[in-house]
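Participant: Following this line is my_file.cif, made up of mmCIF, C-alpha atoms and all ligand atoms:
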```cif
data_structure
#
loop_
_atom_site.label_atom_id
_atom_site.label_comp_id
_atom_site.auth_asym_id
_atom_site.auth_seq_id
_atom_site.Cartn_x
_atom_site.Cartn_y
_atom_site.Cartn_z
CA MET A 57 23.90 -10.46 -40.03
CA ASN A 58 27.43 -11.24 -38.83
CA GLU A 59 29.31 -14.22 -40.11
CA ARG A 60 30.29 -16.72 -37.50
CA GLY A 61 33.44 -15.61 -35.77
CA VAL A 62 33.56 -12.27 -37.52
CA TYR A 63 32.37 -9.38 -35.44
CA LYS A 64 31.62 -6.08 -37.01
CA MET A 65 30.88 -2.86 -35.30
CA THR A 66 30.08 0.63 -36.37
CA THR A 67 32.86 3.13 -36.01
CA LYS A 68 30.93 4.79 -33.24
CA PHE A 69 30.65 1.63 -31.24
CA LYS A 70 34.18 0.48 -31.94
CA SER A 71 35.53 3.35 -29.90
CA ARG A 72 33.02 2.68 -27.16
CA PHE A 73 33.97 -0.94 -27.14
CA LEU A 74 37.63 -0.10 -26.74
CA LEU A 75 36.65 2.10 -23.84
CA ALA A 76 34.77 -0.82 -22.41
CA VAL A 77 37.76 -3.10 -22.68
CA SER A 78 39.88 -0.60 -20.82
CA THR A 79 37.40 -0.45 -17.98
CA ILE A 80 37.18 -4.17 -17.41
CA ALA A 81 39.02 -3.90 -14.12
CA ILE A 82 36.41 -1.47 -12.81
CA SER A 83 33.52 -3.57 -13.99
CA PHE A 84 34.98 -6.76 -12.62
CA SER A 85 33.90 -6.30 -9.03
CA ILE A 86 30.42 -5.18 -10.06
CA LEU A 87 29.88 -8.20 -12.23
CA LEU A 88 31.04 -10.63 -9.60
CA SER A 89 28.21 -9.65 -7.29
CA GLY A 90 25.61 -10.92 -9.71
CA CYS A 91 24.06 -14.12 -10.93
CA SER A 92 26.77 -15.14 -13.36
CA LYS A 93 28.43 -17.79 -11.27
CA SER A 94 32.20 -17.47 -11.61
CA PRO A 95 31.95 -15.57 -14.85
CA LYS A 96 34.95 -15.92 -17.09
CA LEU A 97 35.34 -12.28 -17.83
CA GLY A 98 36.74 -11.24 -21.15
CA ASP A 99 40.26 -9.96 -21.11
CA GLY A 100 39.61 -8.10 -24.31
CA THR A 101 41.73 -10.33 -26.48
CA ASN A 102 40.67 -13.93 -26.10
CA SER A 103 37.01 -13.64 -25.40
CA PRO A 104 34.65 -13.23 -28.32
CA MET A 105 33.79 -9.65 -29.02
CA PRO A 106 30.11 -9.05 -29.30
CA GLY A 107 28.95 -7.32 -32.45
CA ALA A 108 27.00 -4.17 -31.92
CA VAL A 109 24.39 -2.64 -34.12
CA THR A 110 22.51 0.57 -33.72
CA GLU A 111 18.83 0.94 -33.11
CA ASN A 112 18.39 1.58 -36.83
CA GLY A 113 19.95 -1.74 -37.61
CA GLY A 114 22.96 -2.56 -39.71
CA GLY A 115 26.36 -3.04 -38.21
CA GLU A 116 28.16 -1.80 -41.28
CA SER A 117 27.43 1.87 -41.59
CA SER A 118 30.86 2.69 -42.96
CA SER A 119 29.69 6.01 -44.31
CA ALA A 120 28.50 7.34 -41.01
CA PRO A 121 28.46 11.15 -41.01
CA ALA A 122 30.96 12.94 -38.84
CA GLU A 123 29.49 13.65 -35.45
CA PRO A 124 29.18 17.40 -34.87
CA THR A 125 29.33 17.11 -31.09
CA PRO A 126 30.65 14.31 -28.93
CA THR A 127 27.86 12.08 -27.63
CA PRO A 128 27.40 12.07 -23.87
CA THR A 129 29.36 9.37 -22.14
CA LYS A 130 27.19 6.35 -21.61
CA GLU A 131 27.93 3.24 -19.65
CA PRO A 132 30.41 1.04 -21.48
CA LEU A 133 29.25 -1.98 -23.41
CA PRO A 134 29.19 -5.18 -21.37
CA THR A 135 32.54 -6.67 -20.63
CA ILE A 136 31.18 -10.02 -19.63
CA ASP A 137 32.21 -13.17 -21.40
CA VAL A 138 29.03 -13.66 -23.36
CA GLN A 139 29.83 -17.30 -24.08
CA SER A 140 29.99 -17.97 -20.37
CA VAL A 141 27.02 -15.86 -19.20
CA LYS A 142 24.98 -16.49 -22.38
CA PRO A 143 22.73 -13.45 -22.05
CA ASN A 144 19.48 -13.60 -23.97
CA GLU A 145 17.57 -10.38 -23.66
CA ALA A 146 15.01 -11.51 -26.20
CA GLY A 147 13.86 -14.31 -23.87
CA LYS A 148 10.70 -14.66 -21.82
CA ILE A 149 9.96 -12.91 -18.53
CA MET A 150 7.50 -14.18 -15.97
CA VAL A 151 4.95 -11.64 -14.75
CA VAL A 152 3.54 -13.33 -11.66
CA MET A 153 -0.03 -12.75 -10.52
CA PHE A 154 -0.71 -13.04 -6.79
CA HIS A 155 -4.05 -12.86 -4.99
CA ASN A 156 -4.49 -14.05 -1.41
CA PHE A 157 -2.02 -14.66 1.38
CA VAL A 158 -3.10 -16.28 4.63
CA GLU A 159 -1.54 -17.78 7.76
CA SER A 160 -3.09 -21.19 7.21
CA PHE A 161 -5.63 -22.64 4.85
CA THR A 162 -7.60 -25.83 4.47
CA PRO A 163 -9.00 -26.42 0.98
CA THR A 164 -12.76 -27.02 0.78
CA LYS A 165 -15.07 -28.15 -1.97
CA TYR A 166 -15.81 -24.51 -2.79
CA ASP A 167 -12.40 -22.99 -2.36
CA LYS A 168 -9.57 -25.21 -3.41
CA GLY A 169 -6.99 -22.57 -2.64
CA GLU A 170 -5.75 -22.17 -6.18
CA TYR A 171 -5.43 -18.43 -5.69
CA THR A 172 -4.33 -18.54 -2.07
CA THR A 173 -0.94 -19.14 -0.57
CA THR A 174 0.37 -19.13 3.00
CA PHE A 175 2.91 -16.66 4.37
CA SER A 176 5.39 -19.46 5.03
CA GLU A 177 5.08 -20.78 1.46
CA PHE A 178 5.62 -17.27 0.13
CA GLU A 179 8.76 -16.92 2.22
CA LYS A 180 10.07 -20.18 0.79
CA LEU A 181 9.16 -19.04 -2.70
CA LEU A 182 11.21 -15.85 -2.40
CA GLN A 183 14.27 -17.87 -1.38
CA GLU A 184 13.74 -20.32 -4.23
CA LEU A 185 13.41 -17.52 -6.78
CA TYR A 186 16.49 -15.78 -5.41
CA ASP A 187 18.56 -18.96 -5.49
CA LYS A 188 17.47 -19.63 -9.06
CA GLY A 189 18.77 -16.21 -10.13
CA TYR A 190 15.50 -14.30 -10.42
CA ARG A 191 15.57 -10.58 -9.58
CA LEU A 192 12.56 -8.30 -9.37
CA ILE A 193 12.04 -5.40 -11.72
CA SER A 194 9.19 -2.91 -11.82
CA MET A 195 6.40 -3.02 -14.38
CA THR A 196 7.44 0.44 -15.58
CA ASP A 197 11.03 -0.64 -16.19
CA TYR A 198 9.79 -3.72 -18.03
CA LEU A 199 7.54 -1.69 -20.33
CA ASN A 200 10.29 0.88 -20.94
CA ASN A 201 12.91 -1.78 -21.67
CA ASN A 202 14.91 -0.44 -18.78
CA ILE A 203 15.90 -3.75 -17.24
CA ASP A 204 18.68 -3.47 -14.70
CA VAL A 205 19.61 -6.77 -13.09
CA PRO A 206 23.11 -8.27 -12.78
CA ALA A 207 24.63 -10.29 -15.61
CA GLY A 208 23.27 -13.82 -15.70
CA CYS A 209 20.19 -12.97 -13.64
CA ILE A 210 16.62 -13.39 -14.86
CA PRO A 211 14.18 -10.50 -14.36
CA MET A 212 10.76 -11.20 -12.87
CA ILE A 213 7.74 -9.00 -12.16
CA PHE A 214 5.34 -9.38 -9.25
CA THR A 215 1.74 -8.23 -9.58
CA PHE A 216 -0.92 -8.37 -6.86
CA ASP A 217 -4.63 -8.12 -7.66
CA ASP A 218 -7.54 -6.95 -5.49
CA GLY A 219 -5.79 -5.10 -2.64
CA THR A 220 -6.24 -7.87 -0.07
CA ALA A 221 -4.98 -7.48 3.51
CA GLY A 222 -2.80 -10.57 3.11
CA GLN A 223 -0.87 -8.78 0.39
CA PHE A 224 -0.33 -5.75 2.57
CA ASN A 225 -1.67 -4.14 5.69
CA LEU A 226 -0.28 -1.68 8.18
CA VAL A 227 0.17 -2.27 11.88
CA ASN A 228 0.77 0.36 14.52
CA GLU A 229 4.01 -0.29 16.38
CA ASN A 230 4.45 2.24 19.16
CA GLY A 231 2.91 4.99 17.09
CA THR A 232 4.68 4.07 13.84
CA LEU A 233 2.86 2.49 10.95
CA LYS A 234 4.71 -0.51 9.53
CA ALA A 235 3.95 -3.27 7.08
CA ASN A 236 2.58 -6.28 8.92
CA ILE A 237 5.18 -9.04 8.91
CA LYS A 238 2.22 -11.31 8.25
CA SER A 239 1.67 -9.85 4.80
CA ALA A 240 3.41 -10.32 1.47
CA VAL A 241 4.95 -6.83 1.69
CA GLY A 242 6.18 -7.46 5.24
CA ILE A 243 7.75 -10.73 4.13
CA MET A 244 9.36 -9.09 1.10
CA GLU A 245 10.78 -6.31 3.26
CA LYS A 246 12.31 -8.84 5.63
CA PHE A 247 13.73 -10.87 2.76
CA ASN A 248 15.27 -7.77 1.23
CA GLU A 249 17.09 -6.91 4.43
CA LYS A 250 19.02 -10.14 3.91
CA HIS A 251 19.10 -10.00 0.11
CA PRO A 252 18.81 -6.37 -0.99
CA ASP A 253 19.73 -7.37 -4.53
CA PHE A 254 16.52 -9.37 -4.91
CA GLY A 255 14.53 -6.17 -5.30
CA LEU A 256 11.56 -4.73 -3.42
CA LYS A 257 9.26 -4.24 -6.37
CA GLY A 258 5.78 -5.05 -7.55
CA THR A 259 2.55 -3.54 -8.81
CA PHE A 260 -0.68 -3.61 -6.80
CA TYR A 261 -3.85 -3.58 -8.88
CA VAL A 262 -6.44 -2.11 -6.57
CA ASN A 263 -10.17 -1.40 -6.42
CA LEU A 264 -10.32 1.74 -4.32
CA GLY A 265 -14.11 1.61 -4.09
CA ASN A 266 -13.81 -1.61 -2.11
CA GLY A 267 -11.91 -2.27 1.09
CA THR A 268 -8.24 -1.97 0.19
CA PHE A 269 -5.37 -3.31 2.35
CA GLU A 270 -7.59 -3.32 5.41
CA GLY A 271 -5.75 -2.76 8.66
CA GLU A 272 -4.35 0.24 10.49
CA GLY A 273 -3.94 3.65 8.89
CA THR A 274 -6.03 5.47 6.36
CA LEU A 275 -6.31 4.47 2.73
CA GLU A 276 -4.05 7.41 1.95
CA GLN A 277 -1.39 6.20 4.41
CA ARG A 278 -1.54 2.67 3.02
CA LEU A 279 -1.10 3.75 -0.58
CA LYS A 280 1.61 6.25 0.31
CA TYR A 281 3.52 3.61 2.24
CA LEU A 282 3.66 1.38 -0.84
CA VAL A 283 4.56 4.19 -3.22
CA ASP A 284 7.29 5.46 -0.88
CA LYS A 285 8.81 1.97 -0.79
CA GLY A 286 8.96 1.95 -4.58
CA PHE A 287 5.95 -0.24 -5.31
CA GLU A 288 3.56 0.74 -8.08
CA ILE A 289 -0.21 1.04 -8.00
CA GLY A 290 -2.28 -0.01 -11.00
CA ASN A 291 -5.93 0.17 -11.94
CA HIS A 292 -8.30 -2.79 -11.50
CA THR A 293 -11.61 -0.82 -11.69
CA TYR A 294 -13.22 1.02 -8.77
CA ASN A 295 -15.48 -1.82 -7.62
CA HIS A 296 -14.01 -4.89 -9.31
CA ILE A 297 -16.82 -5.10 -11.83
CA ASN A 298 -17.00 -8.04 -14.18
CA LEU A 299 -15.83 -6.49 -17.44
CA ARG A 300 -16.88 -9.55 -19.41
CA ASP A 301 -20.52 -8.94 -18.51
CA THR A 302 -20.44 -5.18 -18.95
CA THR A 303 -22.41 -3.82 -21.88
CA SER A 304 -21.96 -0.12 -21.22
CA ALA A 305 -19.04 2.00 -22.40
CA THR A 306 -19.98 4.59 -19.79
CA GLU A 307 -19.82 2.04 -16.99
CA ILE A 308 -16.33 0.89 -18.03
CA GLN A 309 -15.05 4.47 -18.20
CA LYS A 310 -16.70 5.38 -14.92
CA GLN A 311 -15.11 2.39 -13.15
CA ILE A 312 -11.62 3.08 -14.44
CA ALA A 313 -11.75 6.88 -14.14
CA LEU A 314 -13.18 6.80 -10.61
CA ASN A 315 -10.30 4.61 -9.46
CA GLN A 316 -7.83 7.05 -11.02
CA LYS A 317 -9.64 10.04 -9.54
CA THR A 318 -9.51 8.50 -6.07
CA ILE A 319 -5.77 7.85 -6.11
CA SER A 320 -4.96 11.29 -7.46
CA GLU A 321 -6.95 12.81 -4.59
CA LEU A 322 -5.01 10.71 -2.06
CA ILE A 323 -1.60 11.01 -3.73
CA PRO A 324 -1.63 14.19 -5.80
CA GLY A 325 -0.13 13.64 -9.24
CA TYR A 326 -0.18 9.85 -9.04
CA VAL A 327 -1.27 8.31 -12.34
CA MET A 328 -2.13 4.64 -12.69
CA THR A 329 -0.58 3.78 -16.02
CA THR A 330 -1.32 0.07 -16.20
CA PHE A 331 -4.52 -1.94 -15.84
CA SER A 332 -5.35 -5.45 -14.74
CA LEU A 333 -8.50 -6.99 -16.19
CA PRO A 334 -11.02 -8.12 -13.59
CA TYR A 335 -12.24 -11.51 -14.91
CA GLY A 336 -11.47 -10.72 -18.54
CA LEU A 337 -12.10 -8.46 -21.48
CA PRO A 338 -15.46 -6.94 -22.39
CA SER A 339 -16.96 -7.48 -25.83
CA LYS A 340 -14.89 -6.36 -28.83
CA ASP A 341 -16.73 -3.09 -29.42
CA LEU A 342 -16.00 -1.98 -25.85
CA GLN A 343 -12.36 -3.03 -25.57
CA SER A 344 -10.90 0.32 -26.59
CA PHE A 345 -12.47 1.87 -23.45
CA VAL A 346 -10.32 -0.35 -21.25
CA LYS A 347 -7.25 1.37 -22.63
CA LYS A 348 -8.46 4.91 -22.99
CA GLY A 349 -11.43 6.95 -21.93
CA SER A 350 -12.80 9.59 -19.61
CA TYR A 351 -15.60 10.13 -17.14
CA GLU A 352 -16.70 13.44 -15.66
CA GLY A 353 -13.52 15.15 -16.77
CA VAL A 354 -11.13 12.46 -15.49
CA GLU A 355 -9.11 10.97 -18.31
CA TYR A 356 -7.06 7.81 -18.40
CA ASP A 357 -4.81 6.13 -20.94
CA ASN A 358 -3.48 2.75 -19.86
CA GLN A 359 -0.07 1.88 -21.28
CA ALA A 360 -0.36 -1.80 -20.52
CA ILE A 361 -3.10 -4.32 -19.78
CA MET A 362 -2.53 -7.39 -17.62
CA GLU A 363 -4.39 -10.53 -18.47
CA VAL A 364 -5.32 -13.43 -16.27
CA GLY A 365 -2.80 -15.60 -17.97
CA TRP A 366 -1.11 -18.90 -17.93
CA ASP A 367 2.22 -18.35 -19.67
CA PRO A 368 5.37 -16.24 -19.40
CA ALA A 369 5.41 -12.82 -21.03
CA LEU A 370 7.67 -11.69 -23.84
CA SER A 371 10.78 -9.56 -23.75
CA PRO A 372 9.93 -5.89 -24.33
CA VAL A 373 12.10 -6.03 -27.48
CA SER A 374 10.31 -9.05 -28.89
CA LYS A 375 8.58 -8.70 -32.26
CA ASN A 376 5.39 -10.06 -30.73
CA PHE A 377 5.50 -7.96 -27.56
CA ASN A 378 2.11 -6.35 -27.01
CA PRO A 379 1.81 -4.20 -23.89
CA LEU A 380 -1.97 -4.28 -24.23
CA SER A 381 -1.92 -8.04 -23.70
CA ILE A 382 0.59 -8.91 -21.01
CA HIS A 383 0.33 -12.57 -20.13
CA ARG A 384 0.78 -13.41 -16.49
CA VAL A 385 1.70 -16.60 -14.69
CA ARG A 386 -0.51 -17.45 -11.76
CA SER A 387 1.31 -17.70 -8.47
CA SER A 388 1.29 -21.20 -7.06
CA GLY A 389 -1.59 -21.63 -4.66
CA ILE A 390 -2.05 -24.23 -1.96
CA ASN A 391 -3.60 -26.44 -4.61
CA PRO A 392 -1.09 -26.66 -7.47
CA VAL A 393 -2.45 -26.41 -11.00
CA ASP A 394 -0.92 -26.69 -14.45
CA CYS A 395 0.73 -23.54 -15.74
CA ASP A 396 1.09 -21.94 -12.31
CA LEU A 397 4.42 -20.55 -11.17
CA ALA A 398 5.71 -23.81 -9.67
CA TRP A 399 4.80 -25.59 -12.90
CA TRP A 400 6.74 -23.08 -15.00
CA LEU A 401 9.71 -22.98 -12.63
CA GLU A 402 10.17 -26.67 -13.36
CA ARG A 403 9.66 -26.46 -17.09
CA LEU A 404 10.86 -23.13 -18.40
CA THR A 405 14.47 -23.59 -19.47
CA ARG A 406 17.19 -21.00 -19.01
CA GLU A 407 17.56 -20.87 -22.81
CA GLU A 408 13.93 -19.77 -23.19
CA GLN A 409 14.19 -17.04 -20.56
CA TYR A 410 15.48 -13.49 -20.52
CA VAL A 411 19.01 -13.71 -19.16
CA SER A 412 20.54 -10.31 -18.47
CA ASP A 413 23.83 -8.97 -19.78
CA GLY A 414 24.09 -6.81 -16.67
CA ASN A 415 23.94 -3.52 -18.54
CA PRO A 416 20.60 -1.71 -18.83
CA GLU A 417 21.94 0.32 -21.75
CA THR A 418 22.48 -2.70 -23.98
CA VAL A 419 20.31 -5.50 -25.29
CA THR A 420 22.47 -8.59 -25.80
CA ILE A 421 21.14 -11.58 -27.66
CA PRO A 422 22.52 -14.68 -29.33
CA GLU A 423 22.83 -14.22 -33.09
CA GLY A 424 20.23 -16.91 -33.69
CA LYS A 425 17.55 -14.98 -31.80
CA LEU A 426 17.94 -11.79 -33.82
CA GLU A 427 14.86 -12.55 -35.87
CA ASN A 428 12.73 -12.36 -32.69
CA VAL A 429 13.75 -8.76 -32.05
CA ASP A 430 11.90 -5.69 -33.22
CA GLN A 431 14.61 -3.04 -33.44
CA ASP A 432 12.01 -0.29 -33.12
CA ARG A 433 11.40 -1.48 -29.57
CA LEU A 434 14.97 -0.94 -28.31
CA GLN A 435 13.96 2.42 -26.78
CA GLY A 436 17.41 3.88 -27.25
CA LYS A 437 19.35 0.84 -26.07
CA THR A 438 22.23 -0.63 -28.07
CA LEU A 439 21.66 -4.02 -29.62
CA ILE A 440 24.53 -6.49 -29.37
CA THR A 441 24.65 -9.94 -30.88
CA TYR A 442 27.11 -12.74 -30.29
ZN ZN A 501 -9.34 -9.10 -9.34
#
```
Using structure tokens, write down the structure from this file.
Ligand SMILES: [Zn+2]

Facilitator:
Amino acid sequence: MNERGVYKMTTKFKSRFLLAVSTIAISFSILLSGCSKSPKLGDGTNSPMPGAVTENGGGESSSAPAEPTPTPTKEPLPTIDVQSVKPNEAGKIMVVMFHNFVESFTPTKYDKGEYTTTFSEFEKLLQELYDKGYRLISMTDYLNNNIDVPAGCIPMIFTFDDGTAGQFNLVNENGTLKANIKSAVGIMEKFNEKHPDFGLKGTFYVNLGNGTFEGEGTLEQRLKYLVDKGFEIGNHTYNHINLRDTTSATEIQKQIALNQKTISELIPGYVMTTFSLPYGLPSKDLQSFVKKGSYEGVEYDNQAIMEVGWDPALSPVSKNFNPLSIHRVRSSGINPVDCDLAWWLERLTREEQYVSDGNPETVTIPEGKLENVDQDRLQGKTLITY
């Protein structure tokens, strides 16, 4: 679109860019707190100016109609030195899938521990992710292309399947219910006291017809605790049925609707908007019922479906992004396997990943990656190329 070295902007964005340049001093301190190690911030004259295009494409709308009313003031365009930070908001994002957390584990012939990790390994993992520049975002923000992590950081999403006690359980400490420090949530809370910028986020895919987060407190108190902390709850069927073997559309709808009905009774108004497939997809003719259906007056419409995956997911602005098929990376268990998180952490390059520009209102990508972007997926954000 833009020739090398020539940066074109719409009239509308030119004025916003000038505003941005004038606010560099304000932005400076904010940007320094992030992942862009010693960013060489643009001084507005020497650094390359990113080109901006609107959601409707085209950076050359010279005949733009006069605006009847001034647009509300938005955050300024990024003032980072894009050549130094090299944001790529069309890159891949890892959606990590966790299962079991235990104090100690010895692999056996029957359980090799591929889906199980220890609390101490999880603690080490959080530090490793933090040091490598990963920051947690919620599933909702991912799906809405509302990604807010500092410039140079890489967003990551945590998901937890099955509602196991190792993921989260409450303990009673002198009459107060708290997350057990021997649980993934307890460990995340502790880590966030030291590193609040890491993010205390994740989605728990639960089966409310089975034992869920067993420990102290009622099911209602457990779910409320998570929601109050900012975690999200997703649907994983009421009894963890094997969808692959299911032949009944009614059974699928009953299992998903019952789970939704249960949470809305415990937390009035709470809607599970995303779904994690237990074992896999049912046969083709039944797949639409995983997304949408109803049972005994309870309706559901899942906005995203998590798969038991093996590879990193796509940017929400990617041409191939499909919320109904979100690939997940398996967390590293005690027994490492190919394509688990540790495997990808070694192999996935920074160039392939989503690297943030630090501004949730803009989507900044290298010129060469423009063809990967579907401009209809910007969800109101401003596209910038460099
Ligand atoms: Zn499961």

Participant: Which residue gives the smallest distance to ligand ZN 501 (chain A) among A:Glu245, A:Glu363, A:Asp430, A:Asp218, with only C-alpha atoms and all ligand atoms counted?

Facilitator: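 Going through A:Glu245, A:Glu363, A:Asp430, A:Asp218 one by one, the smallest distance to ligand ZN 501 (chain A) is for A:Asp218.
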
Participant: Pick from A:Met212, A:Pro422, A:Asn428, A:Val262: nearest to Thr441 (chain A), with all atoms listed in the file counted?

Facilitator: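 Checking each candidate against Thr441 (chain A), we get A:Pro422 as the closest.
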
Participant: Of the candidates A:Thr215, A:Ser140, A:Thr268, A:Ser332, which one gets nearest to ligand ZN 501 (chain A) if we count only C-alpha atoms and all ligand atoms?

Facilitator: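 With only C-alpha atoms and all ligand atoms as the atom set, the closest residue is A:Ser332.
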
Participant: Any idea what's packed within 7 Å of Leu337 (chain A), counting all atoms listed in the file, ignoring anything in its chain fewer than 6 positions away? Could you give it as a list in words?

Facilitator: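 Returned residues: Leu299, Arg300 and Gln343 of chain A.
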
Participant: Just want the residues within 10 Å of ligand ZN 501 (chain A), written as a count of residues only, counting all atoms listed in the file.

Facilitator: 22

Participant: One decimal, Å: what's the distance from CA of Pro379 (chain A) over to CA of Tyr410 (chain A), could you say?

Facilitator: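 Taking CA of Pro379 (chain A) as the start and CA of Tyr410 (chain A) as the end point, the length is 16.9 Å.
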
Participant: Taking all atoms listed in the file into account, which of A:Asp253, A:Glu427, A:Asp394, A:Asp357 comes nearest Asn376 (chain A)?

Facilitator: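 Among the listed residues, the smallest separation from Asn376 (chain A) belongs to A:Glu427.
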
Participant: Please provide as a ChimeraX atom specification all residues within 7 Å of region 280-290 of chain A, with the sequence filter that same-chain residues fewer than 4 positions apart are discarded (counting only C-alpha atoms).

Facilitator: /A:257-262,276,328-331

Participant: Could you check the closest approach to Glu145 (chain A) for each of A:Thr174, A:Asn291, A:Ser374, A:Asn391 and tell me which residue wins, using all atoms listed in the file?

Facilitator: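 Answer, going by the shortest atom-to-atom distance: A:Ser374.
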
Participant: Rounded to one decimal, what separation in Å do you get between CA of Thr306 (chain A) and CA of Lys340 (chain A)?

Facilitator: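 Answer for the CA of Thr306 (chain A) to CA of Lys340 (chain A) separation: 15.1 Å.
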
Participant: From the list A:Leu264, A:Leu226, A:Leu185, A:Ile390, which residue is nearest Phe157 (chain A) when using all atoms listed in the file?

Facilitator: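 Residue with the minimum atom-to-atom distance to Phe157 (chain A): A:Ile390.
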
Participant: Enter the distance from CA of Ile193 (chain A) to CA of Gly255 (chain A), in Å, rounded to one decimal.

Facilitator: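 So the answer is 6.9 Å.
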
Participant: If we count all atoms listed in the file, what is near Cys395 (chain A) at a cut-off of 10 Å, once residues fewer than 2 positions away on the same chain are taken out, given as an MDAnalysis selection string?

Facilitator: chainID A and resid 365:368 385:388 392:393 397:401 403

Participant: Which residues are close to Lys347 (chain A), i.e. within 8 Å by all atoms listed in the file, leaving aside same-chain residues fewer than 2 positions away? Reply as a short mmCIF file (atom, residue, chain, number, x, y, z; two decimals) with C-alpha atoms, keeping the file's coordinate frame.

Facilitator:
```cif
data_model
loop_
_atom_site.label_atom_id
_atom_site.label_comp_id
_atom_site.auth_asym_id
_atom_site.auth_seq_id
_atom_site.Cartn_x
_atom_site.Cartn_y
_atom_site.Cartn_z
CA GLN A 343 -12.36 -3.03 -25.57
CA SER A 344 -10.90 0.32 -26.59
CA PHE A 345 -12.47 1.87 -23.45
CA GLY A 349 -11.43 6.95 -21.93
CA TYR A 356 -7.06 7.81 -18.40
CA ASP A 357 -4.81 6.13 -20.94
CA ASN A 358 -3.48 2.75 -19.86
CA GLN A 359 -0.07 1.88 -21.28
CA ALA A 360 -0.36 -1.80 -20.52
CA ILE A 361 -3.10 -4.32 -19.78
CA LEU A 380 -1.97 -4.28 -24.23
#
```

Participant: Show which residues sit within 9 Å of region 199-211 of chain A, as number ranges by chain. Count all atoms listed in the file, and ignore same-chain residues fewer than 2 positions away.

Facilitator: A: 86-93, 95, 134, 136, 141-143, 149-150, 188-197, 213, 253, 359-360, 371-373, 379, 406, 409-417, 433-435, 437

Participant: Since the input is missing atoms, can you rebuild N, CA and C atoms for region 177-192 of chain A and write them as a PDB file, in the frame of the given file?

Facilitator:
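After the write, out09.pdb holds the following:
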```
ATOM      1  N   GLU A 177       4.770 -20.331   2.831  1.00  0.00           N
ATOM      2  CA  GLU A 177       5.080 -20.780   1.460  1.00  0.00           C
ATOM      3  C   GLU A 177       5.660 -19.634   0.638  1.00  0.00           C
ATOM      4  N   PHE A 178       5.140 -18.441   0.867  1.00  0.00           N
ATOM      5  CA  PHE A 178       5.620 -17.270   0.130  1.00  0.00           C
ATOM      6  C   PHE A 178       7.077 -16.983   0.493  1.00  0.00           C
ATOM      7  N   GLU A 179       7.383 -17.112   1.772  1.00  0.00           N
ATOM      8  CA  GLU A 179       8.760 -16.920   2.220  1.00  0.00           C
ATOM      9  C   GLU A 179       9.696 -17.906   1.532  1.00  0.00           C
ATOM     10  N   LYS A 180       9.265 -19.142   1.466  1.00  0.00           N
ATOM     11  CA  LYS A 180      10.070 -20.180   0.790  1.00  0.00           C
ATOM     12  C   LYS A 180      10.215 -19.868  -0.692  1.00  0.00           C
ATOM     13  N   LEU A 181       9.139 -19.369  -1.278  1.00  0.00           N
ATOM     14  CA  LEU A 181       9.160 -19.040  -2.700  1.00  0.00           C
ATOM     15  C   LEU A 181      10.200 -17.969  -3.004  1.00  0.00           C
ATOM     16  N   LEU A 182      10.243 -16.925  -2.167  1.00  0.00           N
ATOM     17  CA  LEU A 182      11.210 -15.850  -2.400  1.00  0.00           C
ATOM     18  C   LEU A 182      12.634 -16.400  -2.404  1.00  0.00           C
ATOM     19  N   GLN A 183      12.918 -17.287  -1.454  1.00  0.00           N
ATOM     20  CA  GLN A 183      14.270 -17.870  -1.380  1.00  0.00           C
ATOM     21  C   GLN A 183      14.552 -18.711  -2.622  1.00  0.00           C
ATOM     22  N   GLU A 184      13.564 -19.477  -3.040  1.00  0.00           N
ATOM     23  CA  GLU A 184      13.740 -20.320  -4.230  1.00  0.00           C
ATOM     24  C   GLU A 184      14.014 -19.470  -5.464  1.00  0.00           C
ATOM     25  N   LEU A 185      13.235 -18.398  -5.612  1.00  0.00           N
ATOM     26  CA  LEU A 185      13.410 -17.520  -6.780  1.00  0.00           C
ATOM     27  C   LEU A 185      14.792 -16.878  -6.751  1.00  0.00           C
ATOM     28  N   TYR A 186      15.176 -16.429  -5.559  1.00  0.00           N
ATOM     29  CA  TYR A 186      16.490 -15.780  -5.410  1.00  0.00           C
ATOM     30  C   TYR A 186      17.604 -16.759  -5.782  1.00  0.00           C
ATOM     31  N   ASP A 187      17.514 -17.963  -5.242  1.00  0.00           N
ATOM     32  CA  ASP A 187      18.560 -18.960  -5.490  1.00  0.00           C
ATOM     33  C   ASP A 187      18.629 -19.358  -6.960  1.00  0.00           C
ATOM     34  N   LYS A 188      17.490 -19.277  -7.641  1.00  0.00           N
ATOM     35  CA  LYS A 188      17.470 -19.630  -9.060  1.00  0.00           C
ATOM     36  C   LYS A 188      17.900 -18.461  -9.952  1.00  0.00           C
ATOM     37  N   GLY A 189      18.243 -17.333  -9.344  1.00  0.00           N
ATOM     38  CA  GLY A 189      18.770 -16.210 -10.130  1.00  0.00           C
ATOM     39  C   GLY A 189      17.738 -15.205 -10.577  1.00  0.00           C
ATOM     40  N   TYR A 190      16.507 -15.291 -10.053  1.00  0.00           N
ATOM     41  CA  TYR A 190      15.500 -14.300 -10.420  1.00  0.00           C
ATOM     42  C   TYR A 190      15.715 -13.022  -9.607  1.00  0.00           C
ATOM     43  N   ARG A 191      15.479 -11.872 -10.251  1.00  0.00           N
ATOM     44  CA  ARG A 191      15.570 -10.580  -9.580  1.00  0.00           C
ATOM     45  C   ARG A 191      14.364  -9.753 -10.019  1.00  0.00           C
ATOM     46  N   LEU A 192      13.775  -9.043  -9.052  1.00  0.00           N
ATOM     47  CA  LEU A 192      12.560  -8.300  -9.370  1.00  0.00           C
ATOM     48  C   LEU A 192      12.842  -6.992 -10.086  1.00  0.00           C
TER      49      LEU A 192
END
```
